[in-house]
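In what follows, a single structure is set out as structure tokens and then discussed.
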Amino acid sequence: MIIKGKKNSFLRGKAQTIKPLIQIGKDGLNDNLLDQIELQVNKNELIKISLLQNTMVEAHDLIEALAEFDDQIVPIQTIGSKVVIYKKAPKIKNRKISLELEKF
């Protein structure tokens, strides 16, 4: 799934105001980390992930791993060591951003 145009611009604008919820360090990618990312994205819909300097993981590696782990997770933006991802929340009570996104 790819989000383009006004929807992508809206999500990038929302992402500017949020702080990274997940930091990937020297331990790199593992199943526990992917589970934590999925938990946070299901709860918040839009999250920012920070790749620390001591990690061997690159942004495109993270995006590929997330695509294999859950095909509903959509990469929105990558700037340097920051990756922004989006997924529509499965629980209706957590859908705030996706309700705004449907207006476009």
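Identifiers for the structure tokens are assigned positionally: chains receive A, B, ... in sequence, residues are indexed from 1 per chain, and ligands are indexed from 1 in the order shown.
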Write out as a PDB file with N, CA and C atoms, in the first residue's frame each polymer residue whose atoms come within 8 Å of Gly25 of chain A, counting only C-alpha atoms; drop sequence neighbours fewer than 5 positions from it.
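Wrote it out as selection_23.pdb, contents follow:
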ATOM      1  N   LEU A  51      17.022   5.978  14.122  1.00  0.00           N
ATOM      2  CA  LEU A  51      18.141   5.050  14.011  1.00  0.00           C
ATOM      3  C   LEU A  51      19.351   5.720  14.653  1.00  0.00           C
ATOM      4  N   LEU A  52      19.844   5.141  15.734  1.00  0.00           N
ATOM      5  CA  LEU A  52      20.968   5.733  16.448  1.00  0.00           C
ATOM      6  C   LEU A  52      22.264   5.552  15.668  1.00  0.00           C
ATOM      7  N   GLN A  53      23.293   6.308  16.042  1.00  0.00           N
ATOM      8  CA  GLN A  53      24.563   6.270  15.311  1.00  0.00           C
ATOM      9  C   GLN A  53      25.267   4.918  15.410  1.00  0.00           C
ATOM     10  N   ASN A  54      25.054   4.205  16.511  1.00  0.00           N
ATOM     11  CA  ASN A  54      25.774   2.951  16.697  1.00  0.00           C
ATOM     12  C   ASN A  54      25.060   1.740  16.088  1.00  0.00           C
ATOM     13  N   THR A  55      24.014   1.952  15.312  1.00  0.00           N
ATOM     14  CA  THR A  55      23.297   0.839  14.701  1.00  0.00           C
ATOM     15  C   THR A  55      23.855   0.540  13.312  1.00  0.00           C
TER      16      THR A  55
END
Cut-off 12 Å: closest segment 53-78 of chain A/segment 11-19 of chain A atom pairs per residue, using only C-alpha atoms, as a tab-separated table:
residue	atom	partner	partner_atom	distance
A:Val74	CA	A:Leu11	CA	11.0
A:Pro75	CA	A:Leu11	CA	10.5
A:Ile76	CA	A:Arg12	CA	6.9
A:Gln77	CA	A:Arg12	CA	6.9
A:Thr78	CA	A:Arg12	CA	10.0
Please list as a list in words every residue within 12 Å of Ile97 of chain A, counting only C-alpha atoms and excluding residues in the same chain fewer than 5 positions away. Lys7, Phe10, Leu11, Arg12, Gly13, Lys14, Ala15, Val41, Asn42, Lys43, Asn44, Glu45, Leu46, Ile47, Tyr86, Lys87, Lys88, Ala89, Ile92, Glu102, Lys103 and Phe104 of chain A
Taking 4 positions as the minimum chain separation for residues in the same chain, which residues sit within 9 Å of Ile79 of chain A when counting only C-alpha atoms? Answer as a PyMOL selection string. chain A and resi 59+83-84
Go ahead and save the residues from that selection, with all heavy atoms, as a PDB file, in the first residue's frame.
ATOM      1  N   ALA A  59      17.859   2.823   6.947  1.00  0.00           N
ATOM      2  CA  ALA A  59      16.430   3.094   6.817  1.00  0.00           C
ATOM      3  C   ALA A  59      15.746   2.126   5.855  1.00  0.00           C
ATOM      4  O   ALA A  59      14.668   1.602   6.149  1.00  0.00           O
ATOM      5  CB  ALA A  59      16.210   4.534   6.362  1.00  0.00           C
ATOM      6  N   VAL A  83      12.697   7.642  10.437  1.00  0.00           N
ATOM      7  CA  VAL A  83      11.743   6.983   9.556  1.00  0.00           C
ATOM      8  C   VAL A  83      10.354   7.180  10.145  1.00  0.00           C
ATOM      9  O   VAL A  83      10.147   6.953  11.338  1.00  0.00           O
ATOM     10  CB  VAL A  83      12.047   5.467   9.419  1.00  0.00           C
ATOM     11  CG1 VAL A  83      11.011   4.789   8.556  1.00  0.00           C
ATOM     12  CG2 VAL A  83      13.443   5.247   8.863  1.00  0.00           C
ATOM     13  N   VAL A  84       9.416   7.608   9.315  1.00  0.00           N
ATOM     14  CA  VAL A  84       8.037   7.797   9.743  1.00  0.00           C
ATOM     15  C   VAL A  84       7.187   6.744   9.062  1.00  0.00           C
ATOM     16  O   VAL A  84       7.270   6.561   7.844  1.00  0.00           O
ATOM     17  CB  VAL A  84       7.524   9.210   9.368  1.00  0.00           C
ATOM     18  CG1 VAL A  84       6.070   9.370   9.782  1.00  0.00           C
ATOM     19  CG2 VAL A  84       8.390  10.275  10.004  1.00  0.00           C
TER      20      VAL A  84
END
Near-Asp71 of chain A list (12 Å; only C-alpha atoms; drop same-chain fewer than 5 positions) as a PyMOL selection string: chain A and resi 1-2+38+63-66+85-88
Could you write out the selected residues, including all heavy atoms, as a compact mmCIF listing (two decimals), in the first residue's frame?
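This went into out.txt:
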# COMPACT_ATOMS: atom_id res chain seq x y z
N MET A 1 0.84 -1.18 0.00
CA MET A 1 0.00 0.00 0.00
C MET A 1 0.89 1.25 0.00
O MET A 1 1.84 1.35 0.75
CB MET A 1 -0.88 -0.02 1.25
CG MET A 1 -1.88 1.09 1.32
SD MET A 1 -3.07 0.76 2.63
CE MET A 1 -2.91 2.25 3.54
N ILE A 2 0.56 2.18 -0.85
CA ILE A 2 1.32 3.43 -0.96
C ILE A 2 0.35 4.59 -0.81
O ILE A 2 -0.74 4.57 -1.37
CB ILE A 2 2.05 3.51 -2.31
CG1 ILE A 2 3.07 2.38 -2.42
CG2 ILE A 2 2.72 4.86 -2.47
CD1 ILE A 2 3.75 2.31 -3.76
N GLU A 38 5.10 -2.70 15.97
CA GLU A 38 3.72 -2.99 15.60
C GLU A 38 2.75 -2.56 16.71
O GLU A 38 1.69 -1.99 16.43
CB GLU A 38 3.54 -4.48 15.32
CG GLU A 38 2.14 -4.81 14.85
CD GLU A 38 1.96 -6.26 14.52
OE1 GLU A 38 2.53 -7.12 15.21
OE2 GLU A 38 1.22 -6.54 13.56
N ILE A 63 12.59 -0.50 6.55
CA ILE A 63 11.35 -0.47 5.76
C ILE A 63 11.07 -1.84 5.16
O ILE A 63 9.93 -2.32 5.18
CB ILE A 63 11.43 0.63 4.69
CG1 ILE A 63 11.39 2.00 5.37
CG2 ILE A 63 10.29 0.50 3.68
CD1 ILE A 63 11.71 3.15 4.46
N GLU A 64 12.10 -2.51 4.65
CA GLU A 64 11.91 -3.85 4.08
C GLU A 64 11.49 -4.85 5.16
O GLU A 64 10.61 -5.68 4.93
CB GLU A 64 13.20 -4.33 3.42
CG GLU A 64 13.50 -3.63 2.11
CD GLU A 64 14.82 -4.07 1.51
OE1 GLU A 64 15.41 -5.06 1.99
OE2 GLU A 64 15.27 -3.42 0.56
N ALA A 65 12.11 -4.78 6.34
CA ALA A 65 11.76 -5.69 7.43
C ALA A 65 10.33 -5.47 7.88
O ALA A 65 9.60 -6.43 8.16
CB ALA A 65 12.74 -5.51 8.59
N LEU A 66 9.91 -4.20 7.96
CA LEU A 66 8.53 -3.90 8.36
C LEU A 66 7.53 -4.37 7.31
O LEU A 66 6.45 -4.85 7.65
CB LEU A 66 8.37 -2.40 8.61
CG LEU A 66 9.04 -1.87 9.87
CD1 LEU A 66 8.98 -0.35 9.89
CD2 LEU A 66 8.40 -2.45 11.11
N ILE A 85 6.38 6.01 9.87
CA ILE A 85 5.51 4.98 9.32
C ILE A 85 4.08 5.20 9.78
O ILE A 85 3.83 5.84 10.81
CB ILE A 85 5.98 3.55 9.69
CG1 ILE A 85 6.02 3.36 11.21
CG2 ILE A 85 7.33 3.25 9.06
CD1 ILE A 85 6.30 1.94 11.65
N TYR A 86 3.14 4.66 9.00
CA TYR A 86 1.71 4.81 9.28
C TYR A 86 1.02 3.46 9.09
O TYR A 86 1.37 2.68 8.22
CB TYR A 86 1.10 5.83 8.33
CG TYR A 86 -0.42 5.84 8.34
CD1 TYR A 86 -1.13 6.48 9.34
CD2 TYR A 86 -1.14 5.20 7.35
CE1 TYR A 86 -2.51 6.48 9.36
CE2 TYR A 86 -2.52 5.20 7.35
CZ TYR A 86 -3.20 5.83 8.36
OH TYR A 86 -4.57 5.83 8.38
N LYS A 87 0.03 3.23 9.93
CA LYS A 87 -0.86 2.08 9.77
C LYS A 87 -2.20 2.44 10.39
O LYS A 87 -2.24 2.97 11.51
CB LYS A 87 -0.30 0.83 10.46
CG LYS A 87 -1.22 -0.37 10.35
CD LYS A 87 -0.66 -1.56 11.08
CE LYS A 87 -1.64 -2.72 11.05
NZ LYS A 87 -1.16 -3.84 11.85
N LYS A 88 -3.27 2.18 9.68
CA LYS A 88 -4.61 2.44 10.22
C LYS A 88 -4.82 1.53 11.43
O LYS A 88 -4.61 0.33 11.36
CB LYS A 88 -5.66 2.17 9.16
CG LYS A 88 -7.05 2.55 9.57
CD LYS A 88 -8.01 2.37 8.41
CE LYS A 88 -9.41 2.81 8.81
NZ LYS A 88 -10.33 2.72 7.65
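Across the model, the gap from atom CA of Ile49 of chain A to atom CA of Lys82 of chain A is 5.7 Å.
Atom CA of Glu58 of chain A is found 12.5 Å from atom CA of Gln23 of chain A.
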Just how far from atom CA of Asp61 of chain A is atom CA of Ile24 of chain A, in Å to one decimal? 11.9 Å
A:Ala67, A:Leu34, A:Gln72, A:Ile22: which is nearest Lys48 of chain A, counting only C-alpha atoms?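 Of A:Ala67, A:Leu34, A:Gln72, A:Ile22, the one nearest Lys48 of chain A, counting only C-alpha atoms, is A:Ile22.
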Write out as a PyMOL selection string all residues of chain A that DSSP puts in alpha helix (DSSP H) for this structure's backbone. chain A and resi 5-15+31-44+59-69+97-101
Just list as a VMD selection string whatever in segment 35-87 of chain A DSSP marks as strand (DSSP E). chain A and resid 46 to 51 74 to 79 82 to 86
